[in-house]
Amino acid sequence: MSSASSPGSAFSLLVVDDEPDLRTLYELTLMREGYELETAGSVADALARLQRRRYSAVITDMRLPDGSGLDLLHWLDSQGREEKTLVITAYGSSENAVEALKAGAYDYLTKPVDLRQFRQVVASALGRQPQTVRAVVPANLPPAQQPPQTFAQAAKEPDKERPAPATVARVPAMPSMSALSRLAGKSAAIQELRSLIEKVSRSMAPVLLQGESGTGKELVARAIHDSGVRARQRFVAVNCGAIPEQLLEAEFFGYRKGAFTGANEDREGFFQAADGGTLFLDEIGDLPLAMQSKLLRSIQERSVRPVGAVVEAAVNVRILSATHKDLGAEVAAGRFRQDLFYRLNVIQLRVPPLRERIEDVPLIAERVLERIAGDAGVSPVPRLTPTALVQLTRYAFPGNVRELENLLHRALALSGGEWIDAADLGLPESLLDDSLLGGLDSSGDLMVDDAGLARNLDLAKASNGLSNLPPSDLPTDLARFLDDVERDILLRALMQHRFNRTAAGASLGLSLRQIRYRMARLGVTADEVGASEE
Ligand SMILES: Nc1ncnc2c1ncn2[C@@H]1O[C@H](COP(=O)(O)OP(=O)(O)OP(=O)(O)O)[C@@H](O)[C@H]1O
């Protein structure tokens, strides 16, 4: 098949389609965008080219004479190749589109291909603005409504003001710290979630986040957005349950001046506000059935019609959604449309409740404290005493990370000093449960250690039996770890025996000489603990 290039093109594409006319059409369209291009008419031809060289992206028809576009996707995946893939499916074959997205396609297009959308989708896969779309933007639009001229320019102006939707959507300023790095935790569950976030951020596939309230679903959605090519574009979060039913259509799709009483000007909806970026639909299970149909249509057609408008406008948004409900059960009960569920649930990520990853509490608490103390201008950032920390790890957090956050807010206000103690947390003993962290000892009066909260917790766990340590928490420096444990045990025994070294030593089966030797070796000085010279 053919090969064409344009001078200075930074992007190379492979287009695979068995119909010569379509190949020519795609070729002409993409060459005008300045891409370097090769075409292939079959899976075999495409594989031969892919074995010879790498491309920026591969655009393939689903149905090919000697196989399917999915064969190419699977091959690229098996080789660990980086090419972005776009799949062209027959009209109405949504199964194919979903299958392609699940197989790692960045996005899909439906035949007959709308060329404007085609240019946009290719540009979006490559993280740039389509050239020819840019050329038709009316010059008299106010500056605020002009799309970014180049990707680089958009990057400088991530939060340019546009007429925003009226309520509920949150389009915050660019966070100083990426959401992925804000997602604290070392548990196996969080590590797996982090690697899934990185994986799904590379495509346009809709992701449904499932998890209890307050587990961090929105943070995960932001992390997906931040890690993908849309990071510099907008992330618009919408709480579907908070919008009155009669306003839903106008809020989602916008409206034209005069569409209804009070519509004094044209206004964008959430879709337009998120154009080029990500639309996060929180509590999607709360959307009424009538609105579910409209949403499905917009997702399928990639266009919206503002209330009172005659024509539809194309939009290019990635949809992420979240729910604390079991959407499958909602479908079975007739409260959620099966076809919309199928569309949104291409990839499902579960965000586990905090009680299933209680070992993450110290790190999350530390991060949250840094953030809220910083916001409140409190310096230095207060730290949790080991007793407070142990108490937190004995609480099941039915409200998950949000509840931990609220608790720390209150504790910060109450403590007023450099330390937050158990009493500042206001957790009654009746709510605490020893089984959460493998039987952590509630009376554990751990000594505060400079290495921070997480290590204190390790000590606590170690003091209560190393068998409780999950394999991922095994110490990396055993000698140091055992020294820390020993130091902690000595300090606790000394405290229990009012700093009498003979009694503390005896309680541990050590003579005075032995405990003195151990205290000296570990740097536990008499001054430090106020131990008496018996
Ligand atoms: N792993 C984490 N590390 C640090 N902060 C976190 C973590 N998970 C969640 N948070 C914080 O906890 C709060 C609640 O998280 P978020 O709003 O993402 O939860 P949610 O599951 O979307 O809640 P809801 O279902 O009620 O909308 C946020 O302030 C978020 O930044």
# chains A, B, ... in the order shown; residues from 1 in each chain; ligands from 1
call {"tool": "residues_near_ligand", "arguments": {"ligand": "ligand 1", "cutoff": "9 Å", "atoms": "only C-alpha atoms and all ligand atoms", "output": "VMD selection string"}}
result
chain A and resid 179 181 to 185 190 209 to 222 239 282 to 283 322 to 324 351 354 360 to 361 363 to 368 399 to 405
call {"tool": "select_by_dssp", "arguments": {"residues": "region 278-429 of chain A", "states": "helix (DSSP H, G or I)", "output": "mmCIF file with N, CA and C atoms, in the first residue's frame"}}
result
data_model
loop_
_atom_site.group_PDB
_atom_site.id
_atom_site.type_symbol
_atom_site.label_atom_id
_atom_site.label_comp_id
_atom_site.auth_asym_id
_atom_site.auth_seq_id
_atom_site.Cartn_x
_atom_site.Cartn_y
_atom_site.Cartn_z
ATOM 1 N N ILE A 284 -23.818 8.541 39.378
ATOM 2 C CA ILE A 284 -24.541 8.337 38.124
ATOM 3 C C ILE A 284 -25.828 7.537 38.355
ATOM 4 N N GLY A 285 -25.830 6.706 39.396
ATOM 5 C CA GLY A 285 -27.007 5.888 39.694
ATOM 6 C C GLY A 285 -28.215 6.718 40.099
ATOM 7 N N ASP A 286 -27.989 7.998 40.397
ATOM 8 C CA ASP A 286 -29.100 8.858 40.821
ATOM 9 C C ASP A 286 -29.776 9.558 39.648
ATOM 10 N N LEU A 289 -34.427 8.081 34.785
ATOM 11 C CA LEU A 289 -34.402 7.301 33.543
ATOM 12 C C LEU A 289 -34.467 8.164 32.283
ATOM 13 N N ALA A 290 -35.305 9.224 32.323
ATOM 14 C CA ALA A 290 -35.454 10.044 31.108
ATOM 15 C C ALA A 290 -34.121 10.687 30.747
ATOM 16 N N MET A 291 -33.401 11.132 31.748
ATOM 17 C CA MET A 291 -32.114 11.779 31.482
ATOM 18 C C MET A 291 -31.067 10.747 31.062
ATOM 19 N N GLN A 292 -31.227 9.533 31.561
ATOM 20 C CA GLN A 292 -30.288 8.474 31.167
ATOM 21 C C GLN A 292 -30.317 8.280 29.644
ATOM 22 N N SER A 293 -31.529 8.313 29.035
ATOM 23 C CA SER A 293 -31.626 8.126 27.577
ATOM 24 C C SER A 293 -30.911 9.252 26.855
ATOM 25 N N LYS A 294 -31.106 10.478 27.347
ATOM 26 C CA LYS A 294 -30.477 11.628 26.673
ATOM 27 C C LYS A 294 -28.952 11.553 26.786
ATOM 28 N N LEU A 295 -28.510 11.139 27.937
ATOM 29 C CA LEU A 295 -27.066 11.027 28.148
ATOM 30 C C LEU A 295 -26.487 9.960 27.212
ATOM 31 N N LEU A 296 -27.178 8.843 27.133
ATOM 32 C CA LEU A 296 -26.704 7.755 26.269
ATOM 33 C C LEU A 296 -26.567 8.249 24.828
ATOM 34 N N ARG A 297 -27.571 8.993 24.395
ATOM 35 C CA ARG A 297 -27.563 9.478 23.023
ATOM 36 C C ARG A 297 -26.347 10.377 22.791
ATOM 37 N N SER A 298 -26.097 11.277 23.709
ATOM 38 C CA SER A 298 -24.966 12.192 23.554
ATOM 39 C C SER A 298 -23.638 11.445 23.537
ATOM 40 N N ILE A 299 -23.555 10.423 24.374
ATOM 41 C CA ILE A 299 -22.302 9.667 24.415
ATOM 42 C C ILE A 299 -22.109 8.931 23.094
ATOM 43 N N GLN A 300 -23.201 8.335 22.597
ATOM 44 C CA GLN A 300 -23.085 7.577 21.356
ATOM 45 C C GLN A 300 -22.816 8.471 20.162
ATOM 46 N N GLU A 301 -23.518 9.579 20.099
ATOM 47 C CA GLU A 301 -23.398 10.464 18.930
ATOM 48 C C GLU A 301 -22.246 11.436 19.060
ATOM 49 N N LEU A 327 -24.726 -0.979 40.347
ATOM 50 C CA LEU A 327 -25.486 -0.587 39.150
ATOM 51 C C LEU A 327 -26.100 -1.798 38.442
ATOM 52 N N GLY A 328 -25.419 -2.940 38.534
ATOM 53 C CA GLY A 328 -25.979 -4.157 37.940
ATOM 54 C C GLY A 328 -27.341 -4.453 38.558
ATOM 55 N N ALA A 329 -27.427 -4.309 39.876
ATOM 56 C CA ALA A 329 -28.693 -4.558 40.579
ATOM 57 C C ALA A 329 -29.715 -3.492 40.206
ATOM 58 N N GLU A 330 -29.245 -2.264 39.999
ATOM 59 C CA GLU A 330 -30.157 -1.180 39.594
ATOM 60 C C GLU A 330 -30.756 -1.493 38.216
ATOM 61 N N VAL A 331 -29.915 -2.067 37.330
ATOM 62 C CA VAL A 331 -30.407 -2.455 36.002
ATOM 63 C C VAL A 331 -31.479 -3.534 36.170
ATOM 64 N N ALA A 332 -31.152 -4.531 36.997
ATOM 65 C CA ALA A 332 -32.100 -5.633 37.198
ATOM 66 C C ALA A 332 -33.420 -5.124 37.766
ATOM 67 N N GLN A 338 -30.010 -0.558 30.843
ATOM 68 C CA GLN A 338 -28.953 -1.535 30.576
ATOM 69 C C GLN A 338 -27.962 -1.027 29.541
ATOM 70 N N ASP A 339 -28.485 -0.371 28.479
ATOM 71 C CA ASP A 339 -27.564 0.060 27.414
ATOM 72 C C ASP A 339 -26.611 1.150 27.899
ATOM 73 N N LEU A 340 -27.091 2.012 28.799
ATOM 74 C CA LEU A 340 -26.206 3.050 29.333
ATOM 75 C C LEU A 340 -25.170 2.404 30.263
ATOM 76 N N PHE A 341 -25.614 1.454 31.067
ATOM 77 C CA PHE A 341 -24.703 0.739 31.959
ATOM 78 C C PHE A 341 -23.574 0.098 31.148
ATOM 79 N N TYR A 342 -23.977 -0.515 30.050
ATOM 80 C CA TYR A 342 -23.030 -1.191 29.168
ATOM 81 C C TYR A 342 -22.011 -0.196 28.597
ATOM 82 N N ARG A 343 -22.485 0.990 28.272
ATOM 83 C CA ARG A 343 -21.632 2.044 27.708
ATOM 84 C C ARG A 343 -20.647 2.615 28.723
ATOM 85 N N LEU A 344 -21.142 2.787 29.964
ATOM 86 C CA LEU A 344 -20.306 3.438 30.981
ATOM 87 C C LEU A 344 -19.338 2.464 31.637
ATOM 88 N N LEU A 354 -11.944 2.037 53.307
ATOM 89 C CA LEU A 354 -10.726 2.229 54.098
ATOM 90 C C LEU A 354 -10.487 1.073 55.057
ATOM 91 N N ARG A 355 -11.576 0.462 55.579
ATOM 92 C CA ARG A 355 -11.373 -0.622 56.557
ATOM 93 C C ARG A 355 -10.698 -1.839 55.915
ATOM 94 N N GLU A 356 -10.746 -1.937 54.579
ATOM 95 C CA GLU A 356 -10.066 -3.059 53.913
ATOM 96 C C GLU A 356 -8.592 -2.766 53.668
ATOM 97 N N ARG A 357 -8.177 -1.544 53.956
ATOM 98 C CA ARG A 357 -6.762 -1.180 53.757
ATOM 99 C C ARG A 357 -6.330 -0.289 54.920
ATOM 100 N N ILE A 358 -6.644 -0.783 56.127
ATOM 101 C CA ILE A 358 -6.439 0.029 57.327
ATOM 102 C C ILE A 358 -4.959 0.370 57.515
ATOM 103 N N GLU A 359 -4.092 -0.454 56.919
ATOM 104 C CA GLU A 359 -2.649 -0.157 57.032
ATOM 105 C C GLU A 359 -2.285 1.142 56.324
ATOM 106 N N ASP A 360 -3.202 1.660 55.481
ATOM 107 C CA ASP A 360 -2.925 2.930 54.800
ATOM 108 C C ASP A 360 -3.259 4.143 55.668
ATOM 109 N N VAL A 361 -3.955 3.905 56.785
ATOM 110 C CA VAL A 361 -4.421 5.036 57.592
ATOM 111 C C VAL A 361 -3.282 5.981 58.020
ATOM 112 N N PRO A 362 -2.138 5.450 58.517
ATOM 113 C CA PRO A 362 -1.081 6.380 58.959
ATOM 114 C C PRO A 362 -0.627 7.335 57.847
ATOM 115 N N LEU A 363 -0.391 6.777 56.664
ATOM 116 C CA LEU A 363 0.115 7.611 55.578
ATOM 117 C C LEU A 363 -0.946 8.608 55.102
ATOM 118 N N ILE A 364 -2.184 8.125 54.968
ATOM 119 C CA ILE A 364 -3.251 9.030 54.522
ATOM 120 C C ILE A 364 -3.439 10.132 55.560
ATOM 121 N N ALA A 365 -3.417 9.741 56.847
ATOM 122 C CA ALA A 365 -3.616 10.737 57.907
ATOM 123 C C ALA A 365 -2.511 11.789 57.843
ATOM 124 N N GLU A 366 -1.298 11.342 57.616
ATOM 125 C CA GLU A 366 -0.152 12.264 57.553
ATOM 126 C C GLU A 366 -0.348 13.266 56.404
ATOM 127 N N ARG A 367 -0.731 12.724 55.236
ATOM 128 C CA ARG A 367 -0.927 13.588 54.061
ATOM 129 C C ARG A 367 -2.080 14.568 54.266
ATOM 130 N N VAL A 368 -3.180 14.016 54.821
ATOM 131 C CA VAL A 368 -4.362 14.854 55.017
ATOM 132 C C VAL A 368 -4.027 15.969 56.017
ATOM 133 N N LEU A 369 -3.293 15.602 57.082
ATOM 134 C CA LEU A 369 -2.921 16.616 58.085
ATOM 135 C C LEU A 369 -2.065 17.711 57.450
ATOM 136 N N GLU A 370 -1.120 17.289 56.595
ATOM 137 C CA GLU A 370 -0.279 18.285 55.916
ATOM 138 C C GLU A 370 -1.147 19.247 55.122
ATOM 139 N N ARG A 371 -2.123 18.656 54.422
ATOM 140 C CA ARG A 371 -2.976 19.487 53.553
ATOM 141 C C ARG A 371 -3.851 20.429 54.369
ATOM 142 N N ILE A 372 -4.546 19.880 55.381
ATOM 143 C CA ILE A 372 -5.488 20.757 56.087
ATOM 144 C C ILE A 372 -4.759 21.764 56.967
ATOM 145 N N ALA A 373 -3.601 21.364 57.507
ATOM 146 C CA ALA A 373 -2.839 22.325 58.313
ATOM 147 C C ALA A 373 -2.324 23.436 57.393
ATOM 148 N N GLY A 374 -1.875 23.035 56.209
ATOM 149 C CA GLY A 374 -1.388 24.023 55.231
ATOM 150 C C GLY A 374 -2.499 25.001 54.870
ATOM 151 N N ASP A 375 -3.702 24.459 54.597
ATOM 152 C CA ASP A 375 -4.837 25.319 54.226
ATOM 153 C C ASP A 375 -5.183 26.282 55.357
ATOM 154 N N ALA A 376 -5.044 25.772 56.602
ATOM 155 C CA ALA A 376 -5.432 26.611 57.736
ATOM 156 C C ALA A 376 -4.276 27.502 58.204
ATOM 157 N N PRO A 386 1.594 8.294 68.870
ATOM 158 C CA PRO A 386 1.399 6.877 68.559
ATOM 159 C C PRO A 386 0.082 6.333 69.109
ATOM 160 N N THR A 387 -0.339 6.803 70.284
ATOM 161 C CA THR A 387 -1.601 6.306 70.850
ATOM 162 C C THR A 387 -2.764 6.713 69.958
ATOM 163 N N ALA A 388 -2.731 7.949 69.490
ATOM 164 C CA ALA A 388 -3.809 8.412 68.601
ATOM 165 C C ALA A 388 -3.802 7.587 67.321
ATOM 166 N N LEU A 389 -2.613 7.331 66.847
ATOM 167 C CA LEU A 389 -2.482 6.572 65.609
ATOM 168 C C LEU A 389 -3.034 5.156 65.758
ATOM 169 N N VAL A 390 -2.679 4.534 66.876
ATOM 170 C CA VAL A 390 -3.173 3.174 67.098
ATOM 171 C C VAL A 390 -4.690 3.202 67.185
ATOM 172 N N GLN A 391 -5.217 4.262 67.809
ATOM 173 C CA GLN A 391 -6.680 4.356 67.911
ATOM 174 C C GLN A 391 -7.326 4.458 66.521
ATOM 175 N N LEU A 392 -6.710 5.236 65.668
ATOM 176 C CA LEU A 392 -7.271 5.370 64.312
ATOM 177 C C LEU A 392 -7.303 4.032 63.583
ATOM 178 N N ASN A 400 -15.307 6.336 55.483
ATOM 179 C CA ASN A 400 -14.076 6.219 54.703
ATOM 180 C C ASN A 400 -13.137 7.428 54.837
ATOM 181 N N VAL A 401 -12.386 7.746 53.759
ATOM 182 C CA VAL A 401 -11.338 8.775 53.891
ATOM 183 C C VAL A 401 -11.951 10.135 54.238
ATOM 184 N N ARG A 402 -13.169 10.377 53.738
ATOM 185 C CA ARG A 402 -13.783 11.670 54.057
ATOM 186 C C ARG A 402 -14.010 11.787 55.564
ATOM 187 N N GLU A 403 -14.410 10.694 56.202
ATOM 188 C CA GLU A 403 -14.613 10.721 57.648
ATOM 189 C C GLU A 403 -13.280 10.936 58.368
ATOM 190 N N LEU A 404 -12.227 10.291 57.871
ATOM 191 C CA LEU A 404 -10.895 10.492 58.470
ATOM 192 C C LEU A 404 -10.512 11.973 58.369
ATOM 193 N N GLU A 405 -10.795 12.547 57.206
ATOM 194 C CA GLU A 405 -10.492 13.962 56.982
ATOM 195 C C GLU A 405 -11.236 14.854 57.984
ATOM 196 N N ASN A 406 -12.534 14.593 58.141
ATOM 197 C CA ASN A 406 -13.351 15.397 59.053
ATOM 198 C C ASN A 406 -12.867 15.265 60.493
ATOM 199 N N LEU A 407 -12.509 14.018 60.832
ATOM 200 C CA LEU A 407 -12.024 13.757 62.182
ATOM 201 C C LEU A 407 -10.733 14.535 62.451
ATOM 202 N N LEU A 408 -9.861 14.558 61.440
ATOM 203 C CA LEU A 408 -8.585 15.257 61.621
ATOM 204 C C LEU A 408 -8.777 16.772 61.650
ATOM 205 N N HIS A 409 -9.749 17.261 60.888
ATOM 206 C CA HIS A 409 -10.087 18.694 60.920
ATOM 207 C C HIS A 409 -10.437 19.098 62.347
ATOM 208 N N ARG A 410 -11.334 18.295 62.947
ATOM 209 C CA ARG A 410 -11.807 18.603 64.289
ATOM 210 C C ARG A 410 -10.653 18.467 65.282
ATOM 211 N N ALA A 411 -9.864 17.411 65.131
ATOM 212 C CA ALA A 411 -8.760 17.173 66.060
ATOM 213 C C ALA A 411 -7.737 18.302 65.972
ATOM 214 N N LEU A 412 -7.504 18.793 64.765
ATOM 215 C CA LEU A 412 -6.532 19.878 64.575
ATOM 216 C C LEU A 412 -6.991 21.110 65.345
ATOM 217 N N ALA A 413 -8.293 21.373 65.254
ATOM 218 C CA ALA A 413 -8.830 22.543 65.949
ATOM 219 C C ALA A 413 -8.749 22.343 67.461
ATOM 220 N N LEU A 414 -9.023 21.123 67.921
ATOM 221 C CA LEU A 414 -9.046 20.877 69.364
ATOM 222 C C LEU A 414 -7.660 20.810 69.987
ATOM 223 N N SER A 415 -6.705 20.246 69.249
ATOM 224 C CA SER A 415 -5.398 19.987 69.867
ATOM 225 C C SER A 415 -4.645 21.286 70.147
ATOM 226 N N ALA A 422 -4.934 10.951 71.354
ATOM 227 C CA ALA A 422 -6.141 10.139 71.211
ATOM 228 C C ALA A 422 -7.388 10.915 71.656
ATOM 229 N N ALA A 423 -7.254 11.687 72.750
ATOM 230 C CA ALA A 423 -8.424 12.395 73.278
ATOM 231 C C ALA A 423 -8.949 13.411 72.260
ATOM 232 N N ASP A 424 -8.056 13.989 71.445
ATOM 233 C CA ASP A 424 -8.490 14.985 70.449
ATOM 234 C C ASP A 424 -9.321 14.365 69.331
ATOM 235 N N LEU A 425 -9.212 13.047 69.171
ATOM 236 C CA LEU A 425 -9.923 12.398 68.056
ATOM 237 C C LEU A 425 -11.401 12.192 68.364
ATOM 238 N N GLU A 429 -14.346 4.467 72.966
ATOM 239 C CA GLU A 429 -13.798 3.102 72.988
ATOM 240 C C GLU A 429 -14.788 2.095 72.395
#
call {"tool": "atom_distance", "arguments": {"atom1": "CA of Asp226 (chain A)", "atom2": "CA of Arg350 (chain A)"}}
result
18.8 Å
call {"tool": "closest_atom_pairs", "arguments": {"of": "region 222-253 of chain A", "to": "region 257-268 of chain A", "cutoff": "10 Å", "atoms": "only C-alpha atoms", "output": "tab-separated table"}}
result
residue	atom	partner	partner_atom	distance
A:Ala250	CA	A:Glu268	CA	8.5
A:Glu251	CA	A:Glu268	CA	7.9
A:Phe252	CA	A:Glu268	CA	8.3
A:Phe253	CA	A:Glu268	CA	6.8
call {"tool": "write_last_selection", "arguments": {"atoms": "N, CA and C atoms", "output": "PDB file, in the first residue's frame"}}
result
ATOM      1  N   ALA A 250     -30.777  21.207  30.718  1.00  0.00           N
ATOM      2  CA  ALA A 250     -30.105  22.496  30.506  1.00  0.00           C
ATOM      3  C   ALA A 250     -28.706  22.476  31.110  1.00  0.00           C
ATOM      4  N   GLU A 251     -28.564  21.839  32.263  1.00  0.00           N
ATOM      5  CA  GLU A 251     -27.252  21.802  32.905  1.00  0.00           C
ATOM      6  C   GLU A 251     -26.267  20.951  32.111  1.00  0.00           C
ATOM      7  N   PHE A 252     -26.757  19.838  31.602  1.00  0.00           N
ATOM      8  CA  PHE A 252     -25.847  18.944  30.868  1.00  0.00           C
ATOM      9  C   PHE A 252     -25.514  19.476  29.472  1.00  0.00           C
ATOM     10  N   PHE A 253     -26.536  19.979  28.777  1.00  0.00           N
ATOM     11  CA  PHE A 253     -26.311  20.309  27.361  1.00  0.00           C
ATOM     12  C   PHE A 253     -26.287  21.808  27.082  1.00  0.00           C
TER      13      PHE A 253
END
